[in-house]
$ cat input17.csv   # CSV, N, CA, C and O atoms
chain,number,residue,atom,x,y,z
A,15,MET,N,32.7,-8.9,-18.0
A,15,MET,CA,31.5,-8.6,-17.3
A,15,MET,C,31.2,-7.1,-17.5
A,15,MET,O,30.0,-6.8,-17.7
A,16,VAL,N,32.1,-6.3,-17.6
A,16,VAL,CA,31.9,-4.9,-17.8
A,16,VAL,C,31.3,-4.7,-19.2
A,16,VAL,O,30.4,-3.9,-19.4
A,17,SER,N,31.7,-5.5,-20.2
A,17,SER,CA,31.2,-5.4,-21.5
A,17,SER,C,29.7,-5.8,-21.6
A,17,SER,O,29.0,-5.4,-22.5
A,18,LEU,N,29.3,-6.6,-20.6
A,18,LEU,CA,27.8,-7.0,-20.6
A,18,LEU,C,27.0,-5.9,-19.9
A,18,LEU,O,25.9,-5.6,-20.2
A,19,LEU,N,27.6,-5.3,-18.8
A,19,LEU,CA,26.8,-4.3,-18.0
A,19,LEU,C,26.8,-2.9,-18.6
A,19,LEU,O,25.8,-2.2,-18.5
A,20,LEU,N,27.8,-2.5,-19.3
A,20,LEU,CA,27.9,-1.2,-19.8
A,20,LEU,C,26.8,-0.8,-20.8
A,20,LEU,O,26.2,0.3,-20.7
A,21,PRO,N,26.4,-1.7,-21.8
A,21,PRO,CA,25.3,-1.3,-22.6
A,21,PRO,C,24.0,-1.2,-21.9
A,21,PRO,O,23.2,-0.4,-22.2
A,22,GLN,N,23.8,-2.0,-20.8
A,22,GLN,CA,22.6,-1.9,-20.0
A,22,GLN,C,22.5,-0.5,-19.3
A,22,GLN,O,21.5,0.1,-19.2
A,23,PHE,N,23.7,-0.1,-18.8
A,23,PHE,CA,23.7,1.2,-18.1
A,23,PHE,C,23.4,2.3,-19.1
A,23,PHE,O,22.7,3.3,-18.8
A,24,ALA,N,23.9,2.2,-20.3
A,24,ALA,CA,23.6,3.2,-21.3
A,24,ALA,C,22.2,3.3,-21.7
A,24,ALA,O,21.6,4.4,-21.8
A,25,VAL,N,21.5,2.1,-21.8
A,25,VAL,CA,20.1,2.1,-22.1
A,25,VAL,C,19.3,2.7,-20.9
A,25,VAL,O,18.3,3.4,-21.1
A,26,ALA,N,19.7,2.3,-19.7
A,26,ALA,CA,19.0,2.9,-18.5
A,26,ALA,C,19.1,4.4,-18.4
A,26,ALA,O,18.2,5.1,-18.1
A,27,GLU,N,20.3,4.9,-18.8
A,27,GLU,CA,20.5,6.3,-18.8
A,27,GLU,C,19.7,7.0,-19.8
A,27,GLU,O,19.1,8.1,-19.6
A,28,ASP,N,19.6,6.4,-21.0
A,28,ASP,CA,18.7,7.0,-22.0
A,28,ASP,C,17.3,7.0,-21.6
A,28,ASP,O,16.5,8.0,-21.8
A,29,ALA,N,16.8,5.9,-21.0
A,29,ALA,CA,15.4,5.8,-20.6
A,29,ALA,C,15.1,6.8,-19.5
A,29,ALA,O,14.1,7.5,-19.4
A,30,ALA,N,16.1,7.1,-18.6
A,30,ALA,CA,15.9,8.0,-17.5
A,30,ALA,C,15.9,9.4,-18.1
A,30,ALA,O,15.1,10.3,-17.6
A,31,ALA,N,16.6,9.7,-19.1
A,31,ALA,CA,16.6,11.1,-19.7
A,31,ALA,C,15.3,11.3,-20.4
A,31,ALA,O,14.7,12.4,-20.4
A,32,GLU,N,14.7,10.3,-21.0
A,32,GLU,CA,13.4,10.4,-21.7
A,32,GLU,C,12.3,10.5,-20.7
A,32,GLU,O,11.3,11.2,-21.0
A,33,ALA,N,12.4,9.9,-19.5
A,33,ALA,CA,11.4,10.0,-18.6
A,33,ALA,C,11.5,11.1,-17.6
A,33,ALA,O,10.7,11.2,-16.6
A,34,ALA,N,12.5,12.0,-17.8
A,34,ALA,CA,12.7,13.1,-16.9
A,34,ALA,C,11.5,14.1,-16.8
A,34,ALA,O,11.4,14.8,-15.8
A,35,HIS,N,10.7,14.1,-17.8
A,35,HIS,CA,9.6,15.1,-17.8
A,35,HIS,C,8.4,14.6,-17.0
A,35,HIS,O,7.5,15.3,-16.7
A,36,ILE,N,8.4,13.3,-16.6
A,36,ILE,CA,7.3,12.7,-15.8
A,36,ILE,C,7.5,13.2,-14.4
A,36,ILE,O,8.6,13.1,-13.8
A,37,SER,N,6.4,13.6,-13.8
A,37,SER,CA,6.5,14.1,-12.4
A,37,SER,C,6.8,12.9,-11.4
A,37,SER,O,6.2,11.8,-11.6
A,38,PRO,N,7.5,13.2,-10.4
A,38,PRO,CA,7.8,12.2,-9.4
A,38,PRO,C,6.5,11.7,-8.7
A,38,PRO,O,6.4,10.6,-8.2
A,39,TRP,N,5.5,12.5,-8.7
A,39,TRP,CA,4.2,12.1,-8.1
A,39,TRP,C,3.6,10.9,-8.8
A,39,TRP,O,2.9,10.1,-8.2
A,40,TRP,N,3.8,10.8,-10.1
A,40,TRP,CA,3.3,9.6,-10.8
A,40,TRP,C,4.0,8.4,-10.3
A,40,TRP,O,3.3,7.3,-10.2
A,41,TYR,N,5.3,8.4,-10.1
A,41,TYR,CA,6.0,7.3,-9.6
A,41,TYR,C,5.5,6.9,-8.2
A,41,TYR,O,5.3,5.7,-7.9
A,42,GLY,N,5.3,7.9,-7.3
A,42,GLY,CA,4.8,7.6,-6.0
A,42,GLY,C,3.4,7.1,-6.0
A,42,GLY,O,3.0,6.2,-5.3
A,43,GLY,N,2.5,7.7,-6.9
A,43,GLY,CA,1.2,7.2,-7.0
A,43,GLY,C,1.1,5.8,-7.5
A,43,GLY,O,0.3,4.9,-7.0
A,44,PHE,N,1.9,5.4,-8.5
A,44,PHE,CA,1.9,4.1,-9.0
A,44,PHE,C,2.5,3.1,-7.9
A,44,PHE,O,1.9,2.0,-7.8
A,45,SER,N,3.5,3.5,-7.2
A,45,SER,CA,4.0,2.7,-6.1
A,45,SER,C,2.9,2.4,-5.0
A,45,SER,O,2.8,1.3,-4.6
A,46,LEU,N,2.2,3.5,-4.7
A,46,LEU,CA,1.1,3.3,-3.7
A,46,LEU,C,0.0,2.4,-4.2
A,46,LEU,O,-0.4,1.5,-3.5
A,47,PHE,N,-0.3,2.6,-5.5
A,47,PHE,CA,-1.4,1.7,-6.1
A,47,PHE,C,-0.9,0.2,-6.1
A,47,PHE,O,-1.7,-0.7,-5.7
A,48,ALA,N,0.4,0.0,-6.4
A,48,ALA,CA,0.9,-1.4,-6.5
A,48,ALA,C,0.9,-2.0,-5.1
A,48,ALA,O,0.5,-3.2,-4.9
A,49,LEU,N,1.3,-1.2,-4.1
A,49,LEU,CA,1.3,-1.8,-2.7
A,49,LEU,C,-0.1,-2.1,-2.2
A,49,LEU,O,-0.3,-3.1,-1.6
A,50,VAL,N,-1.1,-1.2,-2.5
A,50,VAL,CA,-2.4,-1.5,-2.1
A,50,VAL,C,-3.0,-2.7,-2.8
A,50,VAL,O,-3.7,-3.5,-2.2
A,51,ALA,N,-2.7,-2.8,-4.1
A,51,ALA,CA,-3.2,-3.9,-4.9
A,51,ALA,C,-2.6,-5.2,-4.4
A,51,ALA,O,-3.4,-6.2,-4.2
A,52,LEU,N,-1.3,-5.2,-4.0
A,52,LEU,CA,-0.8,-6.4,-3.5
A,52,LEU,C,-1.3,-6.8,-2.1
A,52,LEU,O,-1.6,-8.0,-1.8
A,53,LEU,N,-1.6,-5.8,-1.3
A,53,LEU,CA,-2.3,-6.0,0.0
A,53,LEU,C,-3.6,-6.6,-0.2
A,53,LEU,O,-4.0,-7.6,0.5
A,54,VAL,N,-4.4,-6.1,-1.1
A,54,VAL,CA,-5.8,-6.6,-1.4
A,54,VAL,C,-5.7,-8.0,-1.8
A,54,VAL,O,-6.4,-8.9,-1.4
A,55,ILE,N,-4.8,-8.3,-2.8
A,55,ILE,CA,-4.7,-9.6,-3.3
A,55,ILE,C,-4.3,-10.6,-2.2
A,55,ILE,O,-4.8,-11.7,-2.1
A,56,THR,N,-3.3,-10.2,-1.3
A,56,THR,CA,-2.9,-11.0,-0.2
A,56,THR,C,-4.1,-11.3,0.7
A,56,THR,O,-4.3,-12.4,1.2
A,57,MET,N,-4.9,-10.3,1.0
A,57,MET,CA,-6.0,-10.5,1.9
A,57,MET,C,-7.1,-11.4,1.3
A,57,MET,O,-7.7,-12.2,2.0
A,58,VAL,N,-7.3,-11.2,0.0
A,58,VAL,CA,-8.4,-12.0,-0.7
A,58,VAL,C,-8.0,-13.5,-0.7
A,58,VAL,O,-8.7,-14.4,-0.3
A,59,PHE,N,-6.7,-13.7,-1.1
A,59,PHE,CA,-6.3,-15.1,-1.2
A,59,PHE,C,-6.0,-15.7,0.1
A,59,PHE,O,-6.0,-16.9,0.3
A,60,GLY,N,-5.6,-14.9,1.1
A,60,GLY,CA,-5.3,-15.4,2.4
A,60,GLY,C,-6.5,-15.3,3.4
A,60,GLY,O,-6.4,-15.6,4.5
A,61,LYS,N,-7.6,-14.9,2.8
A,61,LYS,CA,-8.9,-14.8,3.6
A,61,LYS,C,-8.7,-13.9,4.8
A,61,LYS,O,-9.3,-14.1,5.9
A,62,GLY,N,-7.8,-12.9,4.7
A,62,GLY,CA,-7.7,-11.9,5.8
A,62,GLY,C,-6.8,-12.3,6.9
A,62,GLY,O,-6.6,-11.6,7.8
A,63,ARG,N,-6.3,-13.5,6.9
A,63,ARG,CA,-5.4,-14.0,7.9
A,63,ARG,C,-4.0,-14.0,7.5
A,63,ARG,O,-3.6,-14.4,6.4
A,64,PRO,N,-3.1,-13.5,8.3
A,64,PRO,CA,-1.7,-13.5,7.9
A,64,PRO,C,-1.1,-14.9,7.7
A,64,PRO,O,-0.2,-15.0,6.9
A,65,HIS,N,-1.5,-15.8,8.6
A,65,HIS,CA,-1.0,-17.2,8.4
A,65,HIS,C,-2.2,-18.1,8.4
A,65,HIS,O,-3.1,-18.2,9.3
A,66,SER,N,-2.2,-19.0,7.4
A,66,SER,CA,-3.4,-19.9,7.2
A,66,SER,C,-3.2,-21.1,8.1
A,66,SER,O,-2.1,-21.7,8.2
$ encode --input "input17.csv" --output "structure tokens"
Amino acid sequence: MVSLLLPQFAVAEDAAAEAAHISPWWYGGFSLFALVALLVITMVFGKGRPHS
């Protein structure tokens, strides 16, 4: 199992090092946008009601 997970951790560490120059505000902004988009989609398809 370690032999399967170790290469994935190495790739994730490399990706994190490459993305270190990106401001944390971009991540927060994207998260906020994704949450708002999901809320809008939920309200549109659910016709604004939490339970149909």
$ atom_distance --input "input17.csv" --atom1 "atom N of Ile55 (chain A)" --atom2 "CA of Trp40 (chain A)"
21.2 Å
$ atom_distance --input "input17.csv" --atom1 "atom N of Gly43 (chain A)" --atom2 "atom O of Met57 (chain A)"
24.1 Å
$ atom_distance --input "input17.csv" --atom1 "atom N of Phe47 (chain A)" --atom2 "atom N of Phe59 (chain A)"
18.1 Å
$ select_by_dssp --input "input17.csv" --residues "chain A" --states "alpha helix (DSSP H)" --output "PyMOL selection string"
chain A and resi 16-32+38-59
